[in-house]
$ cat structure13.cif   # mmCIF, C-alpha atoms
data_final
loop_
_atom_site.label_atom_id
_atom_site.label_comp_id
_atom_site.auth_asym_id
_atom_site.auth_seq_id
_atom_site.Cartn_x
_atom_site.Cartn_y
_atom_site.Cartn_z
CA MET O 16 6.07 22.40 -12.03
CA ASP O 17 8.62 20.91 -9.66
CA LEU O 18 6.88 18.41 -7.35
CA SER O 19 9.59 19.00 -4.74
CA LEU O 20 7.85 22.32 -3.99
CA ILE O 21 5.06 20.35 -2.31
CA PRO O 22 5.75 19.78 1.40
CA LYS O 23 6.15 16.18 2.56
CA ILE O 24 5.93 14.56 -0.87
CA LYS O 25 8.12 11.46 -1.19
CA HIS O 26 9.63 9.12 -3.80
CA LEU O 27 10.44 11.87 -6.29
CA ASP O 28 13.48 9.96 -7.54
CA SER O 29 11.43 6.92 -8.63
CA ASN O 30 10.51 8.37 -12.04
CA GLN O 31 6.95 7.24 -11.47
CA PHE O 32 3.66 9.06 -11.99
CA PHE O 33 2.35 10.91 -8.95
CA LEU O 34 -0.96 10.01 -7.36
CA LEU O 35 -3.80 12.03 -5.87
CA ALA O 36 -6.04 9.54 -4.08
CA GLY O 37 -8.50 9.23 -1.25
CA PRO O 38 -12.23 9.28 -0.59
CA CYS O 39 -14.60 11.60 -2.39
CA ALA O 40 -15.65 13.33 0.81
CA ILE O 41 -14.37 13.38 4.37
CA GLU O 42 -17.06 11.44 6.23
CA GLY O 43 -15.18 11.26 9.54
CA GLU O 44 -11.74 10.89 11.06
CA GLU O 45 -11.64 7.12 11.34
CA MET O 46 -12.48 6.50 7.68
CA ALA O 47 -10.00 9.11 6.46
CA MET O 48 -7.21 7.62 8.57
CA ARG O 49 -8.03 4.09 7.48
CA ILE O 50 -8.02 4.96 3.78
CA CYS O 51 -4.84 7.04 3.98
CA GLU O 52 -3.01 4.35 5.94
CA LYS O 53 -3.66 1.81 3.18
CA ILE O 54 -2.71 4.17 0.36
CA VAL O 55 0.53 5.12 2.14
CA GLU O 56 1.37 1.44 2.62
CA VAL O 57 0.90 0.73 -1.08
CA THR O 58 2.55 3.86 -2.46
CA ASP O 59 5.57 3.48 -0.19
CA LYS O 60 5.96 -0.11 -1.39
CA LEU O 61 5.72 0.95 -5.03
CA GLN O 62 7.65 4.22 -4.62
CA ILE O 63 4.81 6.41 -5.93
CA PRO O 64 4.68 10.11 -4.91
CA PHE O 65 1.34 10.44 -3.12
CA ILE O 66 -1.02 13.27 -2.14
CA PHE O 67 -4.06 12.42 0.01
CA LYS O 68 -7.34 13.69 -1.44
CA GLY O 69 -10.57 14.41 0.40
CA SER O 70 -13.31 16.99 -0.11
CA PHE O 71 -14.07 19.00 3.03
CA LYS O 72 -17.37 20.05 1.46
CA LYS O 73 -19.44 18.78 -1.47
CA ALA O 74 -21.18 21.80 -2.92
CA ASN O 75 -22.01 20.43 -6.38
CA ARG O 76 -24.54 17.70 -5.63
CA SER O 77 -27.44 16.76 -7.87
CA ARG O 78 -30.09 16.82 -5.13
CA ILE O 79 -30.62 19.05 -2.14
CA ASP O 80 -30.88 16.04 0.17
CA SER O 81 -27.46 14.66 -0.89
CA PHE O 82 -24.60 14.56 1.64
CA THR O 83 -22.54 17.76 1.57
CA GLY O 84 -20.20 17.32 4.51
CA ILE O 85 -19.65 17.03 8.25
CA GLY O 86 -18.83 20.72 8.73
CA ASP O 87 -16.11 22.74 7.03
CA GLU O 88 -13.72 23.27 9.94
CA LYS O 89 -14.19 19.75 11.24
CA ALA O 90 -13.37 18.20 7.87
CA LEU O 91 -10.42 20.51 7.22
CA LYS O 92 -8.95 19.68 10.61
CA ILE O 93 -9.26 15.97 9.78
CA LEU O 94 -7.38 16.56 6.52
CA GLN O 95 -4.66 18.39 8.44
CA LYS O 96 -4.50 15.59 11.02
CA VAL O 97 -4.22 12.93 8.32
CA GLY O 98 -1.41 14.85 6.63
CA THR O 99 0.46 15.17 9.91
CA ALA O 100 -0.14 11.60 11.07
CA PHE O 101 1.14 10.03 7.84
CA ASN O 102 3.52 12.82 6.81
CA VAL O 103 1.89 13.26 3.40
CA PRO O 104 0.63 16.33 1.51
CA THR O 105 -3.11 16.83 1.13
CA VAL O 106 -5.50 18.24 -1.48
CA THR O 107 -9.10 19.41 -1.25
CA ASP O 108 -11.47 21.17 -3.62
CA ILE O 109 -12.88 24.64 -3.07
CA HIS O 110 -16.14 26.06 -4.38
CA GLU O 111 -16.23 29.76 -3.52
CA VAL O 112 -13.73 32.57 -3.09
CA SER O 113 -13.92 32.50 0.71
CA ASP O 114 -12.94 28.81 0.71
CA ALA O 115 -9.50 29.51 -0.74
CA ALA O 116 -7.75 31.17 2.19
CA LYS O 117 -9.64 29.00 4.68
CA ALA O 118 -8.66 25.69 3.06
CA ALA O 119 -5.09 26.86 2.37
CA THR O 120 -4.51 26.96 6.13
CA TYR O 121 -5.00 23.20 6.31
CA VAL O 122 -3.95 21.61 2.98
CA ASP O 123 -1.11 21.76 0.47
CA VAL O 124 -2.98 21.73 -2.85
CA LEU O 125 -6.22 23.52 -3.76
CA GLN O 126 -8.39 21.92 -6.41
CA ILE O 127 -10.83 23.80 -8.64
CA PRO O 128 -13.80 21.58 -9.56
CA ALA O 129 -14.49 21.03 -13.25
CA PHE O 130 -17.81 22.87 -13.15
CA LEU O 131 -16.09 25.95 -11.71
CA VAL O 132 -12.82 26.14 -13.65
CA ARG O 133 -14.02 29.16 -15.66
CA GLN O 134 -14.84 31.12 -12.49
CA THR O 135 -12.09 33.71 -12.62
CA ASP O 136 -12.47 35.03 -9.07
CA LEU O 137 -12.24 31.51 -7.64
CA VAL O 138 -9.19 30.56 -9.70
CA VAL O 139 -7.42 33.81 -8.82
CA ALA O 140 -8.23 33.44 -5.11
CA ALA O 141 -6.74 29.94 -5.13
CA ALA O 142 -3.64 31.15 -6.98
CA LYS O 143 -3.06 34.02 -4.56
CA THR O 144 -2.80 31.63 -1.60
CA GLY O 145 0.53 30.47 -3.04
CA LYS O 146 -0.57 26.84 -2.88
CA VAL O 147 -0.39 24.44 -5.80
CA VAL O 148 -3.59 24.82 -7.84
CA ASN O 149 -5.10 21.75 -9.52
CA LEU O 150 -7.47 22.83 -12.29
CA LYS O 151 -9.96 20.16 -13.30
CA LYS O 152 -10.87 20.46 -16.97
CA GLY O 153 -14.52 21.30 -17.46
CA GLN O 154 -16.51 18.46 -19.00
CA PHE O 155 -17.72 21.08 -21.47
CA MET O 156 -14.25 22.42 -22.40
CA SER O 157 -11.73 21.52 -25.06
CA PRO O 158 -8.16 20.70 -24.00
CA SER O 159 -6.90 23.87 -25.71
CA ALA O 160 -9.28 26.03 -23.66
CA MET O 161 -7.47 25.01 -20.48
CA LYS O 162 -4.49 27.18 -21.40
CA HIS O 163 -6.56 30.20 -20.39
CA ALA O 164 -7.35 28.74 -16.96
CA VAL O 165 -3.66 27.98 -16.45
CA GLN O 166 -2.75 31.51 -17.53
CA LYS O 167 -5.11 32.98 -14.92
CA VAL O 168 -3.11 31.21 -12.22
CA LYS O 169 0.22 32.30 -13.66
CA ASP O 170 -0.94 35.89 -14.17
CA SER O 171 -1.83 35.93 -10.48
CA GLY O 172 1.83 35.32 -9.65
CA ASN O 173 1.61 31.57 -9.05
CA HIS O 174 3.33 29.10 -11.40
CA LYS O 175 2.45 26.04 -9.30
CA VAL O 176 -0.41 24.71 -11.39
CA TRP O 177 -1.65 21.39 -12.82
CA ILE O 178 -4.46 20.37 -15.13
CA THR O 179 -6.61 17.31 -14.43
CA ASP O 180 -8.68 15.74 -17.20
CA ARG O 181 -11.87 14.16 -15.88
CA GLY O 182 -13.49 13.25 -19.17
CA THR O 183 -15.76 15.09 -21.58
CA MET O 184 -19.55 14.95 -21.80
CA PHE O 185 -20.80 12.42 -24.33
CA GLY O 186 -24.50 13.05 -24.69
CA TYR O 187 -26.37 13.72 -21.47
CA GLN O 188 -25.46 10.72 -19.35
CA ASP O 189 -21.98 9.56 -20.20
CA MET O 190 -18.32 10.65 -20.19
CA ILE O 191 -15.44 9.85 -22.52
CA VAL O 192 -11.70 10.47 -22.25
CA ASP O 193 -10.13 11.94 -25.36
CA PHE O 194 -6.51 10.88 -24.91
CA ARG O 195 -5.43 13.27 -27.67
CA GLY O 196 -5.95 16.03 -25.12
CA ILE O 197 -3.29 14.78 -22.68
CA PRO O 198 -0.20 15.83 -24.68
CA GLU O 199 -1.97 19.02 -25.70
CA MET O 200 -2.63 20.07 -22.12
CA GLN O 201 0.90 19.07 -21.11
CA GLN O 202 2.06 22.01 -23.20
CA TYR O 203 0.41 24.28 -20.62
CA ALA O 204 1.02 22.47 -17.33
CA PRO O 205 1.67 19.01 -15.83
CA THR O 206 -1.40 16.94 -16.58
CA VAL O 207 -3.24 14.43 -14.41
CA LEU O 208 -5.89 11.92 -15.48
CA ASP O 209 -8.86 11.47 -13.17
CA ILE O 210 -9.61 7.81 -13.73
CA THR O 211 -12.70 7.55 -11.54
CA HIS O 212 -14.70 10.69 -12.42
CA SER O 213 -13.97 9.97 -16.08
CA LEU O 214 -16.22 6.96 -15.65
CA GLN O 215 -19.18 8.78 -14.18
CA GLN O 216 -22.65 8.56 -15.68
CA PRO O 217 -24.19 11.88 -14.66
CA ASN O 218 -27.75 13.22 -14.92
CA GLN O 219 -29.49 9.99 -13.97
CA THR O 220 -33.24 10.28 -13.45
CA SER O 221 -32.79 9.34 -9.78
CA GLY O 222 -30.60 12.39 -9.22
CA VAL O 223 -27.75 10.10 -8.13
CA THR O 224 -24.73 9.91 -10.46
CA GLY O 225 -23.90 6.46 -11.78
CA GLY O 226 -20.58 5.05 -12.96
CA LYS O 227 -18.58 2.27 -14.60
CA PRO O 228 -15.89 1.31 -12.06
CA GLU O 229 -15.19 -1.92 -13.95
CA LEU O 230 -13.35 0.24 -16.51
CA ILE O 231 -11.01 1.95 -14.02
CA GLU O 232 -8.09 -0.30 -14.92
CA THR O 233 -8.67 0.21 -18.65
CA ILE O 234 -8.68 4.00 -18.42
CA ALA O 235 -5.73 4.04 -16.01
CA LYS O 236 -3.57 1.82 -18.23
CA ALA O 237 -4.33 3.97 -21.25
CA GLY O 238 -3.44 7.12 -19.33
CA ILE O 239 -0.06 5.77 -18.27
CA ALA O 240 0.63 4.56 -21.80
CA VAL O 241 -0.11 8.03 -23.17
CA GLY O 242 2.28 9.53 -20.63
CA VAL O 243 0.23 11.42 -18.05
CA ASP O 244 2.23 13.06 -15.28
CA GLY O 245 -0.13 11.92 -12.55
CA LEU O 246 -3.29 9.99 -11.76
CA PHE O 247 -6.28 10.97 -9.66
CA LEU O 248 -8.61 8.38 -8.19
CA GLU O 249 -11.17 8.09 -5.46
CA THR O 250 -11.14 5.00 -3.30
CA HIS O 251 -13.05 3.70 -0.29
CA PHE O 252 -13.18 0.50 1.75
CA ASP O 253 -16.98 0.39 1.27
CA PRO O 254 -17.91 2.19 -1.97
CA ALA O 255 -21.49 0.95 -1.88
CA ASN O 256 -22.07 2.91 1.30
CA ALA O 257 -19.83 5.90 0.60
CA LYS O 258 -21.72 9.16 1.08
CA SER O 259 -20.60 10.59 -2.28
CA ASP O 260 -19.58 9.16 -5.68
CA GLY O 261 -19.56 5.55 -4.54
CA ALA O 262 -20.78 4.40 -7.96
CA ASN O 263 -17.47 5.13 -9.66
CA MET O 264 -14.95 4.59 -6.83
CA LEU O 265 -12.24 1.96 -6.70
CA HIS O 266 -12.57 -0.46 -3.82
CA LEU O 267 -9.58 0.04 -1.52
CA GLU O 268 -8.73 -3.66 -1.55
CA TYR O 269 -7.98 -3.48 -5.30
CA LEU O 270 -5.65 -0.49 -5.06
CA GLU O 271 -2.37 -2.38 -4.80
CA ILE O 272 -3.24 -4.71 -7.69
CA LEU O 273 -4.05 -1.76 -9.93
CA LEU O 274 -1.06 0.38 -8.99
CA THR O 275 1.35 -2.54 -9.36
CA LYS O 276 0.24 -2.97 -12.97
CA LEU O 277 0.49 0.76 -13.65
CA VAL O 278 3.98 1.03 -12.16
CA ALA O 279 5.10 -1.81 -14.45
CA ILE O 280 3.66 -0.03 -17.50
CA ARG O 281 5.36 3.23 -16.50
CA LYS O 282 8.71 1.45 -16.13
CA THR O 283 8.31 0.05 -19.61
CA ILE O 284 7.38 3.46 -21.04
CA ASN O 285 10.48 4.96 -19.36
CA LEU O 286 12.72 2.61 -21.38
CA PHE O 287 11.89 4.43 -24.61
#
$ encode --input "structure13.cif" --output "structure tokens"
Amino acid sequence: MDLSLIPKIKHLDSNQFFLLAGPCAIEGEEMAMRICEKIVEVTDKLQIPFIFKGSFKKANRSRIDSFTGIGDEKALKILQKVGTAFNVPTVTDIHEVSDAAKAATYVDVLQIPAFLVRQTDLVVAAAKTGKVVNLKKGQFMSPSAMKHAVQKVKDSGNHKVWITDRGTMFGYQDMIVDFRGIPEMQQYAPTVLDITHSLQQPNQTSGVTGGKPELIETIAKAGIAVGVDGLFLETHFDPANAKSDGANMLHLEYLEILLTKLVAIRKTINLF
């Protein structure tokens, strides 16, 4: 897929990976603006094509008392405002068919969560909006199975589709990344590596997902070395108090250090 089809995306001539990054959930306007401002500063400096990520709603929480959002329209309008203020494209995930057309009014890329990527009606609804569709590989799916999800999008008349690997279940409470799957999925669509959700530790007895953020750099370096087209990461200026997925987020202050290393690796890979 040609990234130039995405409105407002920059630095396409840099031959770098593209980046989907932002908080897990939109908690408010000020936090979204603050996070995006920092990511834009870093990605402009490093010439990385950037798409701001934020969930307008968190429908797949472990516990009923977990944070799910500040209101759909309110969060979507914040995403739109962030995109306009910083002149960057935006991505959000959708969870039901009615979300597709609603979210497409405000954002540039629609993301199908890993748990829902086999839901045909949802995938088709996203495809029919004409937006780019980012399909997150189910933790329970093989890389080869993702060709069918991609084909659903294409058969709906939309060839703007990506795959994002977010790890595979390893027992009940851990995730692993099988890097053999990256080149396999690239046969079907541009492939992104989700370097923060790949480090989740789900199904904890507390009902709150854990994580191993200390391995973010390790997973990210390996992904670039393997040749992923893009990276996905969640970041926050206060992960410990983030309302969702704080346990596996990258602290915003470490973003530039990480991306600088990854850009250097990509430049080296491009020599061969």
$ residues_around --input "structure13.cif" --residues "O:Val132" --least-positions-apart "2" --cutoff "8 Å" --atoms "only C-alpha atoms" --output "number ranges by chain"
O: 127-130, 134-135, 138, 150-153, 164
$ atom_distance --input "structure13.cif" --atom1 "atom CA of O:Leu94" --atom2 "atom CA of O:Ala36"
12.8 Å
$ residues_around --input "structure13.cif" --residues "O:Asp123" --least-positions-apart "6" --cutoff "12 Å" --atoms "only C-alpha atoms" --output "ChimeraX atom specification"
/O:18,20-24,35,66-69,91,94-95,98-99,102-108,115-117,141,144-149,175
$ resolve_selection --input "structure13.cif" --expression "the PyMOL selection byres ((chain O and resi 33) around 7)" --output "list of chain:residue names"
O:Gln31, O:Phe32, O:Leu34, O:Leu35, O:Ile63, O:Pro64, O:Phe65, O:Asp244, O:Gly245, O:Leu246
$ residues_around --input "structure13.cif" --residues "O:Leu248" --least-positions-apart "3" --cutoff "12 Å" --atoms "all atoms listed in the file" --output "ChimeraX atom specification"
/O:33-39,54,65-69,179-181,207-214,228,231-232,234-235,245,251,260-261,263-267,270,273-274
